[in-house]
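Engineer: Handing you a structure now.
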Amino acid sequence: MPHLKEERKTQPLWKEWDYKAQKKGVRHTVYSVNGDEYTGEWLDNKKDGKGTYKWKDNGAIFDGDWRKGKRHGFGTYSIPVAPGQYKKQYSGGWKNDMRHGYGTQFFKDDEYYEGEWYADKRCGWGRMYFSDGSIYEGEWYDHQRNGQGMLRLPNENRYEGSWKNDMKNGPGKFYYLDKGQLYEGTWLNDIPKCGEMIDFGREGAPNPTQYPLHEIKLKDPEEVLAEAEERFMQELD
């Protein structure tokens, strides 16, 4: 019985040449048409692994993890401040070329945020240090203070309570530690609308409120307060 020789399968030469031409593994600096530079690891012609990218237009540098051509993992984005000198602007997690996960963003030398990010926006828990010395610690959503949080002022006075659209909204407490008083009530767009002011550590306050104050009386203060709170809470919904 005759033996039939199996036909040898071969690929076109162009496929072999294309495979050899692909960028993969560690490569020296590769220049884009617009002058941008990338030095690092590749996979299937895409930046993948550890690498450093430099933009020609603004001189910024990203050094960190890449996946399928996008910043993905941990990395640091820095901007030039002098020839050969860079200032860190963001350091932390990335996903699909956006800040994502936990990271620190420097807005100014004395103003920065450290906390959670989602799709390039502050979202989740985070702490913001403002240039005036104030510190906010709490929940964020869509780049704004939303949820529960505490704002501590430079004089140590502080607000603890609800936030919405980057403003004090809803029930909250404001501690006037310099005067030895505490205000507890309902807020609307950063303005206290109804509540109660009581003494709080007034004996040791550096600048306590002077008494006596003119006495104000309501026939049924609890009912008035409840009605006002209900009205302002409806405005928040």
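Ordered as shown in the structure tokens, chains take letters A, B, and onward, while each chain numbers its residues from 1 and ligands are numbered from 1 in the order shown.
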Find the spatial neighbours of Thr52 (chain A), counting only C-alpha atoms, within a cut-off of 6 Å - ignore same-chain residues fewer than 4 positions away - and output them as a list in words.

Structural biologist: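 The residues that qualify are Tyr38, Thr39, Phe62 and Asp63 of chain A.
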
Engineer: Please save all heavy atoms of the selected residues as a PDB file, in the first residue's frame.

Structural biologist:
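What follows is the written file part31.pdb:
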ATOM      1  N   TYR A  38       9.484  56.844  24.649  1.00  0.00           N
ATOM      2  CA  TYR A  38       9.156  55.771  25.585  1.00  0.00           C
ATOM      3  C   TYR A  38      10.330  54.822  25.687  1.00  0.00           C
ATOM      4  O   TYR A  38      10.884  54.363  24.676  1.00  0.00           O
ATOM      5  CB  TYR A  38       7.917  54.995  25.135  1.00  0.00           C
ATOM      6  CG  TYR A  38       7.630  53.785  26.017  1.00  0.00           C
ATOM      7  CD1 TYR A  38       7.057  53.927  27.269  1.00  0.00           C
ATOM      8  CD2 TYR A  38       7.970  52.505  25.594  1.00  0.00           C
ATOM      9  CE1 TYR A  38       6.812  52.837  28.087  1.00  0.00           C
ATOM     10  CE2 TYR A  38       7.724  51.396  26.402  1.00  0.00           C
ATOM     11  CZ  TYR A  38       7.146  51.572  27.642  1.00  0.00           C
ATOM     12  OH  TYR A  38       6.914  50.492  28.450  1.00  0.00           O
ATOM     13  N   THR A  39      10.693  54.514  26.929  1.00  0.00           N
ATOM     14  CA  THR A  39      11.758  53.546  27.194  1.00  0.00           C
ATOM     15  C   THR A  39      11.218  52.512  28.174  1.00  0.00           C
ATOM     16  O   THR A  39      10.786  52.861  29.272  1.00  0.00           O
ATOM     17  CB  THR A  39      12.990  54.233  27.808  1.00  0.00           C
ATOM     18  OG1 THR A  39      13.430  55.282  26.955  1.00  0.00           O
ATOM     19  CG2 THR A  39      14.121  53.232  27.996  1.00  0.00           C
ATOM     20  N   PHE A  62       6.028  60.197  32.794  1.00  0.00           N
ATOM     21  CA  PHE A  62       5.344  59.163  33.569  1.00  0.00           C
ATOM     22  C   PHE A  62       6.279  57.978  33.695  1.00  0.00           C
ATOM     23  O   PHE A  62       6.819  57.479  32.701  1.00  0.00           O
ATOM     24  CB  PHE A  62       4.048  58.717  32.889  1.00  0.00           C
ATOM     25  CG  PHE A  62       3.412  57.527  33.571  1.00  0.00           C
ATOM     26  CD1 PHE A  62       2.627  57.688  34.701  1.00  0.00           C
ATOM     27  CD2 PHE A  62       3.625  56.230  33.096  1.00  0.00           C
ATOM     28  CE1 PHE A  62       2.061  56.609  35.354  1.00  0.00           C
ATOM     29  CE2 PHE A  62       3.057  55.136  33.734  1.00  0.00           C
ATOM     30  CZ  PHE A  62       2.276  55.330  34.861  1.00  0.00           C
ATOM     31  N   ASP A  63       6.447  57.511  34.914  1.00  0.00           N
ATOM     32  CA  ASP A  63       7.300  56.354  35.164  1.00  0.00           C
ATOM     33  C   ASP A  63       6.502  55.340  35.968  1.00  0.00           C
ATOM     34  O   ASP A  63       6.076  55.618  37.093  1.00  0.00           O
ATOM     35  CB  ASP A  63       8.549  56.781  35.944  1.00  0.00           C
ATOM     36  CG  ASP A  63       9.480  55.607  36.194  1.00  0.00           C
ATOM     37  OD1 ASP A  63       9.799  54.883  35.234  1.00  0.00           O
ATOM     38  OD2 ASP A  63       9.872  55.398  37.356  1.00  0.00           O
TER      39      ASP A  63
END

Engineer: Which residues come within 7 Å of Asp65 (chain A), counting only C-alpha atoms, excluding same-chain residues fewer than 4 positions away, as an NGL selection string?

Structural biologist: :A and (49-51 or 71-75)

Engineer: Write the residues of the preceding selection, restricted to N, CA, C and O atoms, as a tab-separated table (two decimals), in the first residue's frame.

Structural biologist:
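Saved result, selection-v5.tsv, follows:
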chain	number	residue	atom	x	y	z
A	49	GLY	N	4.20	46.52	30.79
A	49	GLY	CA	5.22	46.22	31.81
A	49	GLY	C	5.70	47.52	32.44
A	49	GLY	O	4.93	48.46	32.64
A	50	LYS	N	6.99	47.58	32.72
A	50	LYS	CA	7.59	48.78	33.32
A	50	LYS	C	8.13	49.69	32.21
A	50	LYS	O	8.77	49.21	31.28
A	51	GLY	N	7.85	50.99	32.37
A	51	GLY	CA	8.37	51.89	31.34
A	51	GLY	C	8.25	53.35	31.72
A	51	GLY	O	7.51	53.73	32.63
A	71	ARG	N	-1.45	53.43	30.77
A	71	ARG	CA	-0.96	53.44	32.14
A	71	ARG	C	-1.91	52.61	33.00
A	71	ARG	O	-3.11	52.90	33.06
A	72	HIS	N	-1.36	51.60	33.66
A	72	HIS	CA	-2.21	50.65	34.38
A	72	HIS	C	-1.36	49.98	35.47
A	72	HIS	O	-0.40	49.27	35.17
A	73	GLY	N	-1.74	50.25	36.73
A	73	GLY	CA	-0.96	49.71	37.84
A	73	GLY	C	-0.52	50.85	38.74
A	73	GLY	O	-1.33	51.71	39.12
A	74	PHE	N	0.77	50.90	39.06
A	74	PHE	CA	1.30	51.98	39.90
A	74	PHE	C	2.24	52.83	39.07
A	74	PHE	O	3.06	52.30	38.30
A	75	GLY	N	2.13	54.15	39.24
A	75	GLY	CA	3.02	55.02	38.49
A	75	GLY	C	3.04	56.43	39.03
A	75	GLY	O	2.18	56.84	39.79

Engineer: Going by DSSP on the backbone, which residues of region 48-169 of chain A come out as strand (DSSP E)? List them as number ranges by chain.

Structural biologist: A: 48-54, 61-67, 70-82, 85-95, 98-108, 111-118, 121-129, 135-141, 144-152, 158-164, 167-169

Engineer: Set the distance at 7 Å and use only C-alpha atoms: which residues neighbour Lys47 (chain A) once local chain neighbours fewer than 5 positions away are removed? I'd like the list as a list of chain:residue names.

Structural biologist: A:Glu41, A:Trp42, A:Trp66, A:Arg67, A:Lys68, A:Gly69

Engineer: I'd like to know which of A:Pro206, A:Pro221, A:Gly103, A:Gly133 is closest to Asp120 (chain A), using only C-alpha atoms.

Structural biologist: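 When distances to Asp120 (chain A) are compared using only C-alpha atoms, the smallest one comes from A:Gly103.
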
Engineer: List as number ranges by chain the protein and nucleic acid residues near His143 (chain A), meaning an atom at most 9 Å away when only C-alpha atoms are counted, but skip any in the same chain fewer than 4 places from it.

Structural biologist: A: 117, 120-123, 166

Engineer: Residues within 10 Å of Asn146 (chain A), please, as a list in words. Count only C-alpha atoms; anything in the same chain fewer than 3 positions from it doesn't count.

Structural biologist: Cys123, Gly124, Trp125, Gly138, Glu139, Trp140, Tyr141, Asp142, His143, Gly149, Ser162, Trp163, Lys164, Asn165, Asp166, Met167, Lys168 and Asn169 of chain A

Engineer: Generate the output file for the selected residues, N, CA, C and O atoms, as an mmCIF file, in the first residue's frame.

Structural biologist:
data_model
loop_
_atom_site.group_PDB
_atom_site.id
_atom_site.type_symbol
_atom_site.label_atom_id
_atom_site.label_comp_id
_atom_site.auth_asym_id
_atom_site.auth_seq_id
_atom_site.Cartn_x
_atom_site.Cartn_y
_atom_site.Cartn_z
ATOM 1 N N CYS A 123 -12.822 59.973 44.590
ATOM 2 C CA CYS A 123 -14.058 59.236 44.856
ATOM 3 C C CYS A 123 -13.765 58.160 45.896
ATOM 4 O O CYS A 123 -12.846 57.358 45.728
ATOM 5 N N GLY A 124 -14.577 58.147 46.970
ATOM 6 C CA GLY A 124 -14.331 57.217 48.062
ATOM 7 C C GLY A 124 -13.865 57.987 49.285
ATOM 8 O O GLY A 124 -14.331 59.093 49.561
ATOM 9 N N TRP A 125 -12.928 57.414 50.028
ATOM 10 C CA TRP A 125 -12.391 58.094 51.210
ATOM 11 C C TRP A 125 -11.115 58.830 50.834
ATOM 12 O O TRP A 125 -10.283 58.327 50.075
ATOM 13 N N GLY A 138 -12.750 62.644 54.814
ATOM 14 C CA GLY A 138 -14.061 62.012 54.705
ATOM 15 C C GLY A 138 -14.327 61.468 53.323
ATOM 16 O O GLY A 138 -13.410 61.096 52.585
ATOM 17 N N GLU A 139 -15.596 61.465 52.960
ATOM 18 C CA GLU A 139 -16.040 60.843 51.721
ATOM 19 C C GLU A 139 -16.059 61.842 50.558
ATOM 20 O O GLU A 139 -16.334 63.024 50.740
ATOM 21 N N TRP A 140 -15.776 61.298 49.352
ATOM 22 C CA TRP A 140 -15.766 62.081 48.127
ATOM 23 C C TRP A 140 -16.574 61.355 47.053
ATOM 24 O O TRP A 140 -16.676 60.124 47.066
ATOM 25 N N TYR A 141 -17.109 62.142 46.143
ATOM 26 C CA TYR A 141 -17.779 61.560 44.973
ATOM 27 C C TYR A 141 -17.703 62.562 43.823
ATOM 28 O O TYR A 141 -18.022 63.734 43.997
ATOM 29 N N ASP A 142 -17.253 62.090 42.676
ATOM 30 C CA ASP A 142 -17.198 62.926 41.471
ATOM 31 C C ASP A 142 -16.372 64.194 41.717
ATOM 32 O O ASP A 142 -16.758 65.294 41.331
ATOM 33 N N HIS A 143 -15.228 64.036 42.394
ATOM 34 C CA HIS A 143 -14.263 65.117 42.623
ATOM 35 C C HIS A 143 -14.726 66.132 43.672
ATOM 36 O O HIS A 143 -14.100 67.187 43.823
ATOM 37 N N GLY A 149 -18.096 63.687 56.507
ATOM 38 C CA GLY A 149 -16.716 64.135 56.588
ATOM 39 C C GLY A 149 -16.504 65.186 57.649
ATOM 40 O O GLY A 149 -17.457 65.757 58.188
ATOM 41 N N SER A 162 -22.678 66.039 57.400
ATOM 42 C CA SER A 162 -23.013 65.677 56.021
ATOM 43 C C SER A 162 -22.527 66.726 55.032
ATOM 44 O O SER A 162 -22.531 67.925 55.316
ATOM 45 N N TRP A 163 -22.152 66.225 53.843
ATOM 46 C CA TRP A 163 -21.707 67.080 52.746
ATOM 47 C C TRP A 163 -22.434 66.673 51.470
ATOM 48 O O TRP A 163 -22.754 65.500 51.267
ATOM 49 N N LYS A 164 -22.659 67.660 50.627
ATOM 50 C CA LYS A 164 -23.242 67.401 49.306
ATOM 51 C C LYS A 164 -22.804 68.516 48.363
ATOM 52 O O LYS A 164 -22.860 69.690 48.720
ATOM 53 N N ASN A 165 -22.335 68.133 47.173
ATOM 54 C CA ASN A 165 -21.877 69.109 46.177
ATOM 55 C C ASN A 165 -20.786 70.025 46.729
ATOM 56 O O ASN A 165 -20.776 71.238 46.487
ATOM 57 N N ASP A 166 -19.872 69.439 47.530
ATOM 58 C CA ASP A 166 -18.706 70.142 48.064
ATOM 59 C C ASP A 166 -19.061 71.180 49.128
ATOM 60 O O ASP A 166 -18.239 72.043 49.447
ATOM 61 N N MET A 167 -20.293 71.126 49.678
ATOM 62 C CA MET A 167 -20.720 72.073 50.709
ATOM 63 C C MET A 167 -21.370 71.335 51.873
ATOM 64 O O MET A 167 -21.850 70.219 51.719
ATOM 65 N N LYS A 168 -21.405 72.008 53.017
ATOM 66 C CA LYS A 168 -22.084 71.447 54.185
ATOM 67 C C LYS A 168 -23.584 71.414 53.905
ATOM 68 O O LYS A 168 -24.191 72.453 53.666
ATOM 69 N N ASN A 169 -24.141 70.213 53.896
ATOM 70 C CA ASN A 169 -25.559 70.028 53.595
ATOM 71 C C ASN A 169 -26.103 68.889 54.442
ATOM 72 O O ASN A 169 -25.575 67.775 54.403
#

Engineer: Can you tell me which residues surround Pro154 (chain A) at a distance of at most 12 Å, considering only C-alpha atoms, apart from same-chain residues fewer than 6 positions away, and format the answer as a PDB file with N, CA and C atoms, in the first residue's frame?

Structural biologist:
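Okay, this is what ended up in result_26.pdb:
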ATOM      1  N   TYR A 129      -5.576  68.417  52.013  1.00  0.00           N
ATOM      2  CA  TYR A 129      -4.865  69.466  52.737  1.00  0.00           C
ATOM      3  C   TYR A 129      -4.918  70.744  51.896  1.00  0.00           C
ATOM      4  N   PHE A 130      -5.602  71.773  52.401  1.00  0.00           N
ATOM      5  CA  PHE A 130      -5.750  73.022  51.669  1.00  0.00           C
ATOM      6  C   PHE A 130      -4.621  73.988  52.011  1.00  0.00           C
ATOM      7  N   SER A 131      -4.368  74.923  51.099  1.00  0.00           N
ATOM      8  CA  SER A 131      -3.250  75.855  51.284  1.00  0.00           C
ATOM      9  C   SER A 131      -3.461  76.817  52.444  1.00  0.00           C
ATOM     10  N   ASP A 132      -4.727  77.024  52.882  1.00  0.00           N
ATOM     11  CA  ASP A 132      -4.980  77.913  54.016  1.00  0.00           C
ATOM     12  C   ASP A 132      -4.800  77.215  55.364  1.00  0.00           C
ATOM     13  N   GLY A 133      -4.434  75.945  55.343  1.00  0.00           N
ATOM     14  CA  GLY A 133      -4.217  75.199  56.571  1.00  0.00           C
ATOM     15  C   GLY A 133      -5.379  74.325  56.987  1.00  0.00           C
ATOM     16  N   SER A 134      -6.498  74.415  56.281  1.00  0.00           N
ATOM     17  CA  SER A 134      -7.647  73.569  56.582  1.00  0.00           C
ATOM     18  C   SER A 134      -7.402  72.144  56.093  1.00  0.00           C
ATOM     19  N   ILE A 135      -8.047  71.186  56.758  1.00  0.00           N
ATOM     20  CA  ILE A 135      -7.933  69.777  56.373  1.00  0.00           C
ATOM     21  C   ILE A 135      -9.322  69.165  56.349  1.00  0.00           C
ATOM     22  N   TYR A 136      -9.656  68.523  55.232  1.00  0.00           N
ATOM     23  CA  TYR A 136     -10.917  67.786  55.145  1.00  0.00           C
ATOM     24  C   TYR A 136     -10.598  66.304  55.080  1.00  0.00           C
ATOM     25  N   LEU A 177     -14.288  75.788  69.098  1.00  0.00           N
ATOM     26  CA  LEU A 177     -13.411  75.527  70.237  1.00  0.00           C
ATOM     27  C   LEU A 177     -12.752  76.799  70.756  1.00  0.00           C
ATOM     28  N   ASP A 178     -12.602  77.802  69.887  1.00  0.00           N
ATOM     29  CA  ASP A 178     -12.010  79.050  70.354  1.00  0.00           C
ATOM     30  C   ASP A 178     -12.958  79.814  71.284  1.00  0.00           C
TER      31      ASP A 178
END
